[in-house]
Structure formats: structure tokens, C-alpha cells
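K.L.:
Just passing along the structure, written as C-alpha cells.
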Amino acid sequence: MKKFRDYEDKQKNPIGVTLCQEIDMEEKILGSVPAELQNGSNTKYSTVVIREFESQDKVHVQRIFMEGMTEMIFDTAFRGLKCHPESVLLYFTMTAVSFLLTMCWWVIGLLLVVLGGRYFWSTRVIHGYMEEAMNKDMSHIEEFYMNSPDSHMWVAVLDGQVVGIVAAVGHKGGGFVELKRMSVDRRYRRCGVGIALGSKVVEFAKIQGYTTVVLGTTAYSPAAHKLYQRLGFQCRGVINGYVSNGTTPSLLERIFYRVQHHHYRLEVKNMPLNIH
């Protein structure tokens, strides 16, 4: 009970993560620091503040979520191809068979049609996911995340602006917390925001007595996976051709939309509790 009171007190006094402690390591993992933080301008963005969600943050939270999901369309349609050799083989086979049947070189353009199909289906599926999320928790944030001691949402504030979001949902029966909705405004990435948000969820899990934090992602961005690993998460499995629960994809969707789902897990039971 004392730990939970400490946690509540801490929510009233949001934590600050000093960027100068994060930038050097972040550079090694994610590349160069944004221009705003170079040339001696670090004082402009001196601290990432993590605080609990407030009602006035809703429009910013929704914008960051939508922008982050929209970025995944290109990644899924094109960057993801290198992770799916079976799809590449299928597309080249379709093109080769069409050429052999018609003996016309114009069928090479079929590859462009295939890429267009991947972009169309990636857009369709991801927009459908976004619409479902906006009709559920992302339109009712207080109801879903702020009315139970086992769930929560936080925002990252940098230079007075909301620049990142993350949510945690506890599952008492399974003894784990699910990290959800983590997204950072692309203009403020590589500033330690993701690390600060993820660390907040880990801290929440420890204080609430959970033993594990889990997350699932279909992101192909190497930076996203390096962030999870830096937080201490380990990949425990990859599902190739992942389909959301309760959905039955059409034949065209199976051909043009294929993703990998990575399941990450972090055991927090024996980790030290670090309250700032």
C-alpha cells in the first residue's frame, strides 16, 4: 500500500528525464541527434517530462497515434518485403507465368501493379485498425485507461508540447502488464522520449506487483526494435502472416498484405525499483 501511495504522489509530481544523460547512448543506437539538439542548442529541450494523461491532451494523443500508424503503411507495403521472401517469390512467379503465356514484355509492369496492390491493402488494413481504435479506447481514454488502478496512460512533454504517448493495461490473472499505444512524434524522436515512456510502464508494473511486461508489434523499423531491446525486452516469438483476432482476410488481402508480429517480453520481478 505504501508503494502505491508513493506512486500516486509521484504522479502529482511528474518525473523528468534529462536529455544530456540519454543523447550519447541514443546516438549509438538510433543515429544522429535532431538538428534542434545540435550546435549547442541542447538548452532548448533540456528535459523530457512524463506525466499522466489529462483531458486536454486528448487531441494531441490522437494526432500522435494516427500519425504513427500512418507511417506504418509505407513500411508494411515496401520495407516489409525483405522480410517476406515467400511474397517476393509469389510476385515474380506471377510475372514470369504471365510473360510465358503472353510473350509480351509489357507484363513486366505487373510488378508495379503488385506494389500498388500492397500499398492499397496496407492502407486499407491499417486505416481499418485505426478506425477500430478510435471507436474504442482512443476516443474514450479516461474510461479505458484512467479509471482503474491496473491501467494507465502517460504523455511525454518536451519544450511544453505533448510529443509522445504510452499506455499500460494490467492483467491480474496472467500477472503481466501489456504495453500499448507507444508512439512518439517523429519531429522529437532520438531525444530519449521512447526510453522515458517505456521505462514508465516498467516502473508501473513493478509498483503494481506484476512480474512481466509484454508488447506486440508489427513494425519493421529497426529503430523500434532496438528501443524495445534497450529497455530490456526480449523477442519471444515471431508470427509470419499475422492476422488480428476475429478477422478473416480475403484472398487479395492474403496476397498483398502480409506482416510479421513480434512478441516481446520483459521479466520485472527481480528488477530494482527505480523511483525518480
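Identifiers in this document derive from the order of the C-alpha cells: chains are assigned A, B, ..., residues are numbered from 1 separately in each chain, and ligands are numbered from 1 in order of occurrence.
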Tell me, which residues of range 116-154 of chain A carry DSSP strand (DSSP E or B), written as a count of residues only?

P.N.:
4

K.L.:
Could you make a table, as a Markdown table, of the residues of range 42-85 of chain A that have an atom within 8 Å of an atom of range 137-155 of chain A, each with its nearest atom pair and distance in Å to one decimal, counting only C-alpha atoms, in chain and number order?

P.N.:
```
| residue | atom | partner | partner_atom | distance |
| --- | --- | --- | --- | --- |
| A:Ile50 | CA | A:Val155 | CA | 5.8 |
| A:Arg51 | CA | A:Trp154 | CA | 5.5 |
| A:Glu52 | CA | A:Trp154 | CA | 4.2 |
| A:Phe53 | CA | A:Trp154 | CA | 4.9 |
| A:Ser55 | CA | A:Glu142 | CA | 7.7 |
| A:Lys58 | CA | A:Ile141 | CA | 7.8 |
| A:Val61 | CA | A:Val155 | CA | 7.7 |
| A:Gln62 | CA | A:Met138 | CA | 6.7 |
```

K.L.:
Write out as a PyMOL selection string the residues lying within 9 Å of range 199-215 of chain A, counting only C-alpha atoms and excluding same-chain residues fewer than 6 positions away.

P.N.:
chain A and resi 3-4+7+50+149-150+152+154+166-168+170-172+174-180+231+233+262-275

K.L.:
Which residues are near Phe74 in chain A? Cut-off 9 Å, only C-alpha atoms, ignore same chain within fewer than 4 positions. Put them as a short mmCIF file (atom, residue, chain, number, x, y, z; two decimals) with N, CA and C atoms, in the first residue's frame.

P.N.:
```cif
data_model
loop_
_atom_site.label_atom_id
_atom_site.label_comp_id
_atom_site.auth_asym_id
_atom_site.auth_seq_id
_atom_site.Cartn_x
_atom_site.Cartn_y
_atom_site.Cartn_z
N THR A 70 -0.07 5.84 -39.49
CA THR A 70 0.00 6.16 -40.92
C THR A 70 1.40 5.89 -41.46
N PHE A 78 6.29 -1.76 -48.38
CA PHE A 78 7.55 -1.84 -49.13
C PHE A 78 8.74 -2.35 -48.30
N ARG A 79 9.00 -1.73 -47.16
CA ARG A 79 10.13 -2.19 -46.35
C ARG A 79 9.92 -3.63 -45.89
N GLY A 80 8.68 -3.99 -45.63
CA GLY A 80 8.39 -5.34 -45.15
C GLY A 80 8.66 -6.43 -46.16
N TYR A 119 0.42 -1.45 -51.45
CA TYR A 119 0.17 -0.16 -50.81
C TYR A 119 -1.32 0.02 -50.52
N SER A 122 -2.25 -2.35 -47.60
CA SER A 122 -1.66 -1.87 -46.35
C SER A 122 -2.44 -0.67 -45.84
N THR A 123 -2.79 0.25 -46.74
CA THR A 123 -3.58 1.42 -46.36
C THR A 123 -4.94 1.00 -45.82
#
```

K.L.:
Would you return as a PyMOL selection string the members of range 14-261 of chain A that DSSP assigns to alpha helix (DSSP H) on this structure's backbone?

P.N.:
chain A and resi 23-30+58-77+85-102+110-135+141+193-207+222-230+251-256

K.L.:
Would you please work out which residue, of A:Val169, A:Val193, A:Ile255, A:Ile73, is nearest to Ser221 in chain A when using only C-alpha atoms?

P.N.:
A:Ile73

K.L.:
Which neighbours of Ile239 in chain A fall inside 12 Å, counting only C-alpha atoms, when residues of the same chain fewer than 4 positions from it are skipped, and could you give them as JSON, numbers by chain?

P.N.:
{"A": [83, 84, 216, 217, 218, 235, 243, 244, 258, 259, 260, 261, 262, 263, 264]}

K.L.:
Any chance you can output those residues with C-alpha atoms as a PDB file, in the first residue's frame?

P.N.:
```pdb
ATOM      1  CA  CYS A  83      11.150  -9.952 -44.509  1.00  0.00           C
ATOM      2  CA  HIS A  84       8.777 -11.951 -46.704  1.00  0.00           C
ATOM      3  CA  GLY A 216       3.378  -6.957 -29.584  1.00  0.00           C
ATOM      4  CA  THR A 217       4.386  -5.104 -32.729  1.00  0.00           C
ATOM      5  CA  THR A 218       4.192  -5.434 -36.486  1.00  0.00           C
ATOM      6  CA  CYS A 235      11.714 -11.212 -28.503  1.00  0.00           C
ATOM      7  CA  VAL A 243      -3.898 -11.832 -38.635  1.00  0.00           C
ATOM      8  CA  SER A 244      -5.748  -9.859 -35.958  1.00  0.00           C
ATOM      9  CA  ARG A 258       1.430  -9.930 -45.028  1.00  0.00           C
ATOM     10  CA  VAL A 259       3.116  -8.888 -41.794  1.00  0.00           C
ATOM     11  CA  GLN A 260       5.270 -10.297 -39.040  1.00  0.00           C
ATOM     12  CA  HIS A 261       4.122  -9.958 -35.445  1.00  0.00           C
ATOM     13  CA  HIS A 262       6.927  -9.810 -32.873  1.00  0.00           C
ATOM     14  CA  HIS A 263       6.102 -10.735 -29.286  1.00  0.00           C
ATOM     15  CA  TYR A 264       8.368  -9.071 -26.713  1.00  0.00           C
TER      16      TYR A 264
END
```

K.L.:
Would you compute the distance between CA of Trp121 in chain A and CA of Arg63 in chain A? Give it in Å to one decimal.

P.N.:
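Atom-to-atom, CA of Trp121 in chain A and CA of Arg63 in chain A are spaced 22.4 Å apart.
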
K.L.:
I'd like the interatomic distance between CA of Thr248 in chain A and CA of Arg236 in chain A, to a tenth of an Å.

P.N.:
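Atom-to-atom, CA of Thr248 in chain A to CA of Arg236 in chain A, that is 25.2 Å.
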
K.L.:
Using Å and a single decimal, report how far CA of Asp185 in chain A sits from CA of Ile64 in chain A.

P.N.:
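Distance reported for this atom pair: 5.8 Å.
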
K.L.:
Which residues come within 8 Å of range 87-95 of chain A, counting only C-alpha atoms, excluding same-chain residues fewer than 3 positions away, as number ranges by chain?

P.N.:
A: 81, 84, 98-99, 107-108, 110-111, 114, 255

K.L.:
Can I get the selected residues back with all heavy atoms, as a JSON list (two decimals), in the first residue's frame?

P.N.:
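Output file selection37.json follows:
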```
[["chain", "number", "residue", "atom", "x", "y", "z"],
["A", 81, "LEU", "N", 8.81, -6.07, -47.43],
["A", 81, "LEU", "CA", 9.03, -7.09, -48.46],
["A", 81, "LEU", "C", 10.28, -7.92, -48.19],
["A", 81, "LEU", "O", 10.30, -9.12, -48.45],
["A", 81, "LEU", "CB", 9.14, -6.42, -49.83],
["A", 81, "LEU", "CG", 7.85, -6.32, -50.65],
["A", 81, "LEU", "CD1", 8.09, -5.54, -51.93],
["A", 81, "LEU", "CD2", 7.29, -7.69, -50.96],
["A", 84, "HIS", "N", 9.74, -10.97, -46.20],
["A", 84, "HIS", "CA", 8.78, -11.95, -46.70],
["A", 84, "HIS", "C", 9.22, -12.48, -48.07],
["A", 84, "HIS", "O", 8.62, -12.15, -49.10],
["A", 84, "HIS", "CB", 7.38, -11.33, -46.80],
["A", 84, "HIS", "CG", 6.82, -10.91, -45.48],
["A", 84, "HIS", "ND1", 6.26, -11.80, -44.60],
["A", 84, "HIS", "CD2", 6.76, -9.69, -44.88],
["A", 84, "HIS", "CE1", 5.85, -11.15, -43.52],
["A", 84, "HIS", "NE2", 6.16, -9.88, -43.66],
["A", 98, "SER", "N", 2.86, -14.98, -66.41],
["A", 98, "SER", "CA", 2.12, -14.08, -67.32],
["A", 98, "SER", "C", 2.93, -13.82, -68.59],
["A", 98, "SER", "O", 2.38, -13.78, -69.69],
["A", 98, "SER", "CB", 1.81, -12.76, -66.61],
["A", 98, "SER", "OG", 0.99, -12.97, -65.50],
["A", 99, "PHE", "N", 4.25, -13.66, -68.44],
["A", 99, "PHE", "CA", 5.11, -13.42, -69.60],
["A", 99, "PHE", "C", 5.15, -14.65, -70.51],
["A", 99, "PHE", "O", 5.04, -14.54, -71.75],
["A", 99, "PHE", "CB", 6.52, -13.07, -69.15],
["A", 99, "PHE", "CG", 7.49, -12.93, -70.29],
["A", 99, "PHE", "CD1", 7.45, -11.83, -71.13],
["A", 99, "PHE", "CD2", 8.44, -13.92, -70.53],
["A", 99, "PHE", "CE1", 8.33, -11.71, -72.19],
["A", 99, "PHE", "CE2", 9.32, -13.81, -71.59],
["A", 99, "PHE", "CZ", 9.28, -12.70, -72.43],
["A", 107, "VAL", "N", 4.09, -7.16, -69.60],
["A", 107, "VAL", "CA", 3.62, -7.77, -68.37],
["A", 107, "VAL", "C", 4.61, -7.52, -67.21],
["A", 107, "VAL", "O", 4.27, -7.75, -66.04],
["A", 107, "VAL", "CB", 3.39, -9.29, -68.52],
["A", 107, "VAL", "CG1", 2.33, -9.56, -69.57],
["A", 107, "VAL", "CG2", 4.68, -10.02, -68.83],
["A", 108, "ILE", "N", 5.82, -7.04, -67.57],
["A", 108, "ILE", "CA", 6.76, -6.69, -66.51],
["A", 108, "ILE", "C", 6.14, -5.60, -65.62],
["A", 108, "ILE", "O", 6.41, -5.50, -64.42],
["A", 108, "ILE", "CB", 8.10, -6.19, -67.10],
["A", 108, "ILE", "CG1", 8.73, -7.28, -67.99],
["A", 108, "ILE", "CG2", 9.05, -5.78, -65.99],
["A", 108, "ILE", "CD1", 9.04, -8.57, -67.25],
["A", 110, "LEU", "N", 3.46, -5.68, -64.46],
["A", 110, "LEU", "CA", 2.66, -6.33, -63.42],
["A", 110, "LEU", "C", 3.29, -6.14, -62.04],
["A", 110, "LEU", "O", 2.58, -6.09, -61.03],
["A", 110, "LEU", "CB", 2.52, -7.82, -63.73],
["A", 110, "LEU", "CG", 1.68, -8.67, -62.78],
["A", 110, "LEU", "CD1", 0.24, -8.16, -62.75],
["A", 110, "LEU", "CD2", 1.72, -10.14, -63.17],
["A", 111, "LEU", "N", 4.62, -6.02, -62.01],
["A", 111, "LEU", "CA", 5.29, -5.79, -60.73],
["A", 111, "LEU", "C", 4.86, -4.46, -60.12],
["A", 111, "LEU", "O", 4.71, -4.35, -58.89],
["A", 111, "LEU", "CB", 6.81, -5.81, -60.92],
["A", 111, "LEU", "CG", 7.43, -7.18, -61.21],
["A", 111, "LEU", "CD1", 8.92, -7.03, -61.49],
["A", 111, "LEU", "CD2", 7.20, -8.13, -60.05],
["A", 114, "VAL", "N", 1.56, -4.98, -58.61],
["A", 114, "VAL", "CA", 1.70, -5.69, -57.34],
["A", 114, "VAL", "C", 2.07, -4.73, -56.22],
["A", 114, "VAL", "O", 1.49, -4.77, -55.12],
["A", 114, "VAL", "CB", 2.77, -6.81, -57.47],
["A", 114, "VAL", "CG1", 3.16, -7.33, -56.08],
["A", 114, "VAL", "CG2", 2.23, -7.95, -58.32],
["A", 255, "ILE", "N", -2.69, -12.06, -50.29],
["A", 255, "ILE", "CA", -1.64, -11.91, -51.29],
["A", 255, "ILE", "C", -0.85, -10.62, -51.09],
["A", 255, "ILE", "O", 0.38, -10.62, -51.16],
["A", 255, "ILE", "CB", -2.25, -11.94, -52.71],
["A", 255, "ILE", "CG1", -2.81, -13.33, -53.02],
["A", 255, "ILE", "CG2", -1.21, -11.55, -53.76],
["A", 255, "ILE", "CD1", -3.56, -13.42, -54.33]]
```

K.L.:
Using only C-alpha atoms, which residues sit within 9 Å of Ser183 in chain A once same-chain residues fewer than 4 positions away are excluded, as a PyMOL selection string?

P.N.:
chain A and resi 64-65+67-69+163-166+194

K.L.:
Residues of the last selection are to be written out with C-alpha atoms, as a PDB file, in the first residue's frame.

P.N.:
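Result file follows (again_1.pdb):
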```
ATOM      1  CA  ILE A  64       0.387  11.275 -32.427  1.00  0.00           C
ATOM      2  CA  PHE A  65      -1.325   7.875 -32.555  1.00  0.00           C
ATOM      3  CA  GLU A  67       0.472   9.831 -37.450  1.00  0.00           C
ATOM      4  CA  GLY A  68       2.434   6.900 -36.055  1.00  0.00           C
ATOM      5  CA  MET A  69       0.031   4.371 -37.555  1.00  0.00           C
ATOM      6  CA  VAL A 163       5.369  14.671 -28.040  1.00  0.00           C
ATOM      7  CA  GLY A 164       4.760  11.048 -27.077  1.00  0.00           C
ATOM      8  CA  ILE A 165       2.239   8.630 -25.579  1.00  0.00           C
ATOM      9  CA  VAL A 166       2.148   5.222 -23.951  1.00  0.00           C
ATOM     10  CA  GLY A 194      10.735   6.484 -26.186  1.00  0.00           C
TER      11      GLY A 194
END
```
